[in-house]
Amino acid sequence: MKQGVKSIFIISLLMNVLITIPALILLMYSSGIQYHLYQNILAPKLGRPEIAFIGDSITRDGGIWAFKIGEYNFNTWNFGHGGLTTRQLRLYGKRVANLRPKVAFVMAGINDEDKSLAGAHLSFGYYVEILDKLQEFGVEPIIQLTLYREEEQFVEFVETLNNKLREYAAEHNLSVIDLNPLLCPSQSLLPKYSRDGTHLTKAAYKIWSKEIRKTLNNKNL
């Protein structure tokens, strides 16, 4: 009887080891698992959102922004989601506003369907709804201008939207991060910073993170 119990214990131990070791390896090397663990498990239990990010897949792919900007805690939350338009992101703006972080970095626009001149004005209206909702709840929005894509076909859309965002920022005394001179100096995302013409490389995120850190330092955050 004792021998049987001992055998079951050994088998159970081996099974746990066989399951745990691969899980730890995945945790170490899988950015997706790391993001899920930080954003959905640890941050809600151990932190509160003081710095928030709102955006589409370009923001989402930043993963754990906390580590990128030197905030080694659970108070930096990423609300980026792939494929979202400015119209759809209004819901995320409301969600973040209700959580009342100190600041919220916002980037959107490149997924919007109507990339005409009229579409740029429509996108700006949706964008402003996000910014106004954040300010209504005491959250300081930080505008991150829309990035050009590689060989951008809708330059007028991006340029018009960004110009209107600059004007809004000046009127409301808001900070602006413009990555285009660094990543898209000729109104086209440089190939060395692009994985597929739209999404960014690690080198691009490193540059972006430095600009975010500068902004936070200027605000003593």
# chains A, B, ... in the order shown; residues from 1 in each chain; ligands from 1

call {"tool": "closest_atom_pairs", "arguments": {"of": "stretch 54-123 of chain A", "to": "stretch 188-202 of chain A", "cutoff": "10 Å", "atoms": "only C-alpha atoms", "output": "CSV"}}
result
residue,atom,partner,partner_atom,distance
A:Ser57,CA,A:His199,CA,7.8
A:Ile58,CA,A:His199,CA,6.0
A:Thr59,CA,A:His199,CA,9.6
A:Asp61,CA,A:Leu200,CA,8.2
A:Gly62,CA,A:Lys202,CA,8.9
A:Ile110,CA,A:Thr198,CA,9.0

call {"tool": "residues_around", "arguments": {"residues": "stretch 137-141 of chain A", "least_positions_apart": "3", "cutoff": "10 Å", "atoms": "only C-alpha atoms", "output": "compact mmCIF listing (two decimals) with C-alpha atoms, in the first residue's frame"}}
result
# COMPACT_ATOMS: atom_id res chain seq x y z
CA GLU A 50 -1.73 55.67 -13.26
CA ILE A 51 -0.38 55.66 -16.83
CA ALA A 52 -2.70 54.33 -19.54
CA PHE A 53 -2.32 53.69 -23.27
CA ILE A 54 -5.26 53.84 -25.69
CA LYS A 94 -14.77 55.90 -21.58
CA VAL A 96 -10.07 54.44 -19.17
CA ALA A 97 -11.71 57.66 -18.03
CA ASN A 98 -13.70 55.74 -15.43
CA LEU A 99 -10.47 54.27 -14.03
CA ARG A 100 -9.05 57.81 -13.61
CA PRO A 101 -5.33 57.34 -14.32
CA LYS A 102 -3.12 60.41 -14.11
CA VAL A 103 -2.32 60.44 -17.83
CA ALA A 104 -3.49 58.57 -20.92
CA PHE A 105 -1.44 58.32 -24.11
CA VAL A 106 -3.74 58.21 -27.13
CA ILE A 130 -12.00 60.47 -26.44
CA LEU A 131 -9.93 63.45 -25.34
CA ASP A 132 -12.92 65.32 -23.92
CA LYS A 133 -14.12 62.28 -21.97
CA LEU A 134 -10.71 61.79 -20.40
CA GLN A 144 0.34 60.90 -30.05
CA ALA A 169 -3.65 70.45 -28.20
CA LEU A 174 -2.08 69.37 -23.99
CA SER A 175 1.20 67.64 -24.71
CA VAL A 176 1.85 66.13 -28.13

call {"tool": "select_by_dssp", "arguments": {"residues": "stretch 6-191 of chain A", "states": "strand (DSSP E)", "output": "ChimeraX atom specification"}}
result
/A:51-54,76-78,103-106,140-144,176-177

call {"tool": "closest_residue", "arguments": {"among": "A:Trp65, A:Phe79, A:Tyr72, A:Tyr35", "to": "A:Tyr92", "atoms": "only C-alpha atoms"}}
result
A:Phe79
